[in-house]
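Written out below as structure tokens is the structure these notes cover.
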Amino acid sequence: MVVGTPTHATVNTANTPVCQEDAICSPYFVLPSGDPALDALPLKSTDVQVTISGVIAEVTVNQTYRNEGTRTIEARYVFPGSSQSAVHALQMRLGDRVVRAEIREKQQALAHYAQAKAEGKTAALLQQHRPNVFEMNLANIVPGDEIEVELKYTELLVPTDGQYDFVFPTVVGPRYNSPQAAQAGPDGNDRPFAQAIAPPQITKKDTTQQSKEPTFHLSVVLNAPMSIALLQSPSHQIETEFAHHNARANITLGTQDLASQPRDFILHYQLAGQSIASGVLLYQGEKAGDDNYFLAMIEPPKTVSAPQITPRDYIFVVDISGSMNGFPLETAKTMLRELIGSLRPSDTFNVMLFSGNNQMLSPASVPATKANIEQALKTIDLSYGSGSTELIPALRRAIDMPKADNVSRSIIVVTDGYVSVENEAYALVRNNLHRANVFAFGIGSSVNRHLIESLARAGMGEPFVITQPKQARAQARRFRAMVERPVLTHIQASFTGIDAYDLVPAQIPDVMAQRPVVIMGKWRAPQQGKPLGQLILTGHSADGAYEMHLPFTQSLPTGKTTQNQTNQAMPTNTNAALRLLWARQQIASLSDQQALTGGSEWKAAITQLGLDYSLLTPYTSFLAVDERVRTHTPDDTLTVEQPNPLPEGVSTLAVAGQAVPSTPEPGTWGSLALVVSLIAVLARHRKRQQRGTYTR
């Protein structure tokens with residue numbers, strides 16, 4: 001992946017680059033400021049405090065900005081967030097003054113922020129460019145100012161195969177801005193979406209800037225409903241203290257420079273028995289007329305061996321762009337060797353390598369014979385990462401590949417996701433769902449989880465994220481088990497004794513992994529008081545028809561110390577986070593619908609949800625303004641773009657120039673000779689088939 005749209009790293013950048021190699025220096029890299037009075041790196045520290053109770057995580061992020069220069073500045077910082085987060089609060093602290101932000105319609109917030117900036121007032125503006133990419137703007141930070149900005153979000157943690165994952169992204173990977181993304185985004189921002197999410201990057205050779213990187217600290221309090229059997233971080237070294245019979249854990253990540261470990265923080269944990277609890281959480285409105293909310297989590301049937309496995313066709317779509325160079329692509333090769341090497345003789349497959357261009361190994365899928373598999377693996381082994389990331393043409397070509405009507409096809413996308421065409425990719429896959437389901441493998445230390453999850457959701461498949469080479473084989477085996485033995489399909493939900501409405505998701509996806517079915521919505525009881533009804537879940541498993549009844553009196557364990565861990569319903573005056581989580585899922589559902597239509601017909605509904613629930617959305621922003629005039633010369637304020645380090649393992653090829661999409665790129669030349677050879681072999685095989693002499 002090569003970034004195609006450069007952005008200004010800082011104002012008054014030096015004319016002489018820090019490094020001389022064209023492959024490393026780029027307008028995208030931040031260079032030392034030419035103005036010694038300007039603080040080019042105003043973000044000083046990030047502190048994250050997490051509380052997990054059962055399946056709900058509450059996160060508070062504190063960012064401290066300080067102007068150590070002698071000129072008034074405006075700071076712009078693009079930073080990552082969880083792709084599942086419901087951001088619901090923001091406040092700004094300046095000295096002993098605390099200003100709580102209000103949620104505003106986005107254009108209104110931008111206008112009021114510009115006005116406050118012009119009047120010399122200090123203001124904070126928080127915007128969303130993607131569900132996992134945010135932007136903080138701070139106007140009129142005068143010399144000597146220290147400003148602390150606190151934002152809060154909540155998210156739902158859903159276990160898979162008995163394992164819970166909490167992820168806190170720490171760095172925004174560079175994005176390739178394809179021509180179709182270089183248009184103004186649906187949020188109506190002045191800058192195109194693709195440009196808005198492109199923060200400047202710090203090159204590792206730029207030691208002057210790197211030494212000033214902000215510090216990062218994170219702590220987690222985990223309140224589990226039962227003993228914690230396993231707790232580990234595959235990404236960072238942590239310190240852990242257990243209490244309450246191992247049902248509570250305090251996890252600490254020591255203070256560090258963000259540049260020293262620029263990768264997502266990941267926490268894995270399992271509970272005793274690796275069980276998945278079934279139950280309901282309830283929230284009742286505080287006054288008459290308020291909505292009531294529920295969260296139902298239902299354990300699916302156990303995975304069983306299917307008596308008969310239908311032959312399948314697999315199309316592997318492999319990103320070999322610049323950002324995949326090195327560790328990501330080598331990890332992808334390991335995974336692909338495991339996947340392709342374990343295909344059954346009755347399966348067929350094809351491989352596409354893509355960057356700015358794309359190349360198929362064969363005009364049509366080929367039998368998974370030993371010779372074909374070995375030839376494909378040789379081709380993959382010769383590829384290396386370079387060039388841009390034209391994902392949409394690659395997906396479109398894979399979807400359009402011919403196949404027999406009686407063959408089930410799975411498309412497996414392997415990428416780090418560093419593109420800005422998430423909506424286009426979602427729409428393309430969902431509109432062609434009748435042709436194939438899609439599984440997405442995100443490879444890298446800080447992958448674009450929004451894209452990976454969107455592709456899998458659109459294609460009724462599963463998302464996979466591989467952050468370390470040692471995970472590749474295990475994830476490949478997990479994929480094979482899912483495809484061959486889906487847990488539960490054709491799922492329907494109905495309710496008795498209770499009026500349940502505004503359900504999300506509107507259509508329950510098939511359960512491929514051992515993960516619970518999650519349904520959220522609103523409820524009304526036919527009589528005053530707590531609901532006494534039940535949820536009935538039906539579907540098809542490998543053993544045949546499946547049906548489960550879940551009483552609304554069966555509470556989902558939360559791990560809260562005030563909770564009576566029995567099967568009695570959770571008190572309905574708690575669990576206020578449910579209303580935020582429901583609204584977040586509803587916004588995501590409407591956003592998916594909007595991606596399909598390509599218009600803005602759902603903009604009003606999404607905006608209203610953001611305003612009603614005080615949530616950050618593509619069309620709503622948080623604004624905090626200190627009404628004091630801080631500077632009488634606001635026109636002299638300079639804007640500084642706080643740079644990000646490159647994610648760990650991402651090559652500088654990710655940001656060095658732009659390739660010509662219409663020509664083969666260097667990473668594909670070594671593969672083309674083998675492609676020609678393979679096509680010739682396949683042609684001979686097809687002739688033998690026609691003569692009746694070909695055997696597999």
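Quick note on naming: the chains in the structure tokens go A, B, ... in the order shown, residues restart at 1 in each chain, and ligands are numbered from 1 in order of appearance.
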Exercise for the section: Write out as JSON, numbers by chain which residues come within 10 Å of His112 (chain A) when counting only C-alpha atoms, dropping same-chain ones fewer than 4 positions away. Expected result: {"A": [104, 106, 107, 108, 116, 117, 118, 123, 125, 623, 624, 625]}
Practice task
Name all residues at most 10 Å from Asp612 (chain A) (count only C-alpha atoms; drop same-chain ones fewer than 4 positions away) and give them as a PyMOL selection string.
Solution key: chain A and resi 103+583+606-608
Using only C-alpha atoms, I'd like a table of the residues in region 51-97 of chain A that come within 12 Å of region 230-249 of chain A; for each, show the closest atom pair and its distance in Å rounded to one decimal, ordered by chain and ascending number, as JSON lines.
```
{"residue": "A:Thr51", "atom": "CA", "partner": "A:Ala249", "partner_atom": "CA", "distance": 10.2}
{"residue": "A:Ile52", "atom": "CA", "partner": "A:Arg248", "partner_atom": "CA", "distance": 9.8}
{"residue": "A:Ser53", "atom": "CA", "partner": "A:Arg248", "partner_atom": "CA", "distance": 9.6}
{"residue": "A:Gly54", "atom": "CA", "partner": "A:Ala247", "partner_atom": "CA", "distance": 10.5}
```
Problem - Shell of 8 Å around Leu578 (chain A), only C-alpha atoms, local chain residues under 5 positions omitted, as an MDAnalysis selection string - result: chainID A and resid 282:283 293:295
Can you write out the residues you just picked, keeping C-alpha atoms, as a PDB file, in the first residue's frame?
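Once everything was written out, this is part-v4.pdb:
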```
ATOM      1  CA  LEU A 282     -32.296  -5.296  31.372  1.00  0.00           C
ATOM      2  CA  TYR A 283     -32.508  -1.540  31.717  1.00  0.00           C
ATOM      3  CA  TYR A 293     -33.613  -1.826  26.787  1.00  0.00           C
ATOM      4  CA  PHE A 294     -32.406  -5.427  26.835  1.00  0.00           C
ATOM      5  CA  LEU A 295     -29.365  -7.426  25.812  1.00  0.00           C
TER       6      LEU A 295
END
```
Practice task
Would you list the contacts of Glu148 (chain A) as a PyMOL selection string, taking every protein, DNA or RNA residue within 12 Å and counting only C-alpha atoms, but skipping same-chain residues closer than 5 positions in sequence?
Solution key: chain A and resi 42-47+61-67+90-100+123-124+136+138+141
Could the residues in this selection be written to a file with C-alpha atoms, as a PDB file, in the first residue's frame?
```pdb
ATOM      1  CA  PRO A  42       1.838  19.180  21.541  1.00  0.00           C
ATOM      2  CA  LEU A  43       0.389  15.808  22.658  1.00  0.00           C
ATOM      3  CA  LYS A  44       2.405  14.823  25.741  1.00  0.00           C
ATOM      4  CA  SER A  45       0.646  11.796  27.207  1.00  0.00           C
ATOM      5  CA  THR A  46      -2.271   9.394  26.891  1.00  0.00           C
ATOM      6  CA  ASP A  47      -3.697   7.595  29.930  1.00  0.00           C
ATOM      7  CA  VAL A  61      -9.100   8.089  27.755  1.00  0.00           C
ATOM      8  CA  ASN A  62      -7.182  11.132  29.018  1.00  0.00           C
ATOM      9  CA  GLN A  63      -5.039  13.043  26.514  1.00  0.00           C
ATOM     10  CA  THR A  64      -2.761  15.795  27.833  1.00  0.00           C
ATOM     11  CA  TYR A  65      -1.668  18.564  25.478  1.00  0.00           C
ATOM     12  CA  ARG A  66       0.887  21.214  26.394  1.00  0.00           C
ATOM     13  CA  ASN A  67       2.318  24.095  24.382  1.00  0.00           C
ATOM     14  CA  LEU A  90     -16.037  14.506  26.397  1.00  0.00           C
ATOM     15  CA  GLN A  91     -14.705  17.178  28.708  1.00  0.00           C
ATOM     16  CA  MET A  92     -11.821  19.664  28.600  1.00  0.00           C
ATOM     17  CA  ARG A  93      -9.822  20.745  31.645  1.00  0.00           C
ATOM     18  CA  LEU A  94      -7.769  23.929  31.481  1.00  0.00           C
ATOM     19  CA  GLY A  95      -6.157  24.706  34.846  1.00  0.00           C
ATOM     20  CA  ASP A  96      -8.959  24.606  37.417  1.00  0.00           C
ATOM     21  CA  ARG A  97     -11.669  25.091  34.801  1.00  0.00           C
ATOM     22  CA  VAL A  98     -13.622  22.101  33.458  1.00  0.00           C
ATOM     23  CA  VAL A  99     -15.789  22.450  30.350  1.00  0.00           C
ATOM     24  CA  ARG A 100     -18.114  19.594  29.474  1.00  0.00           C
ATOM     25  CA  ALA A 123     -12.039  25.023  22.249  1.00  0.00           C
ATOM     26  CA  ALA A 124     -11.996  21.235  21.780  1.00  0.00           C
ATOM     27  CA  MET A 136      -9.243  15.892  18.084  1.00  0.00           C
ATOM     28  CA  LEU A 138      -7.772  22.051  20.088  1.00  0.00           C
ATOM     29  CA  ILE A 141      -3.382  26.661  23.029  1.00  0.00           C
TER      30      ILE A 141
END
```
Problem - Selection near Met512 (chain A), 9 Å with only C-alpha atoms, sequence-local residues under 2 positions removed, as a list of chain:residue names - result: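 Contacts, in chain order: A:Met460, A:Gly461, A:Glu462, A:Ala481, A:Met482, A:Val483, A:Arg485, A:Pro486, A:Val487, A:Leu488, A:Thr489, A:Pro509, A:Asp510, A:Gln514, A:Arg515.
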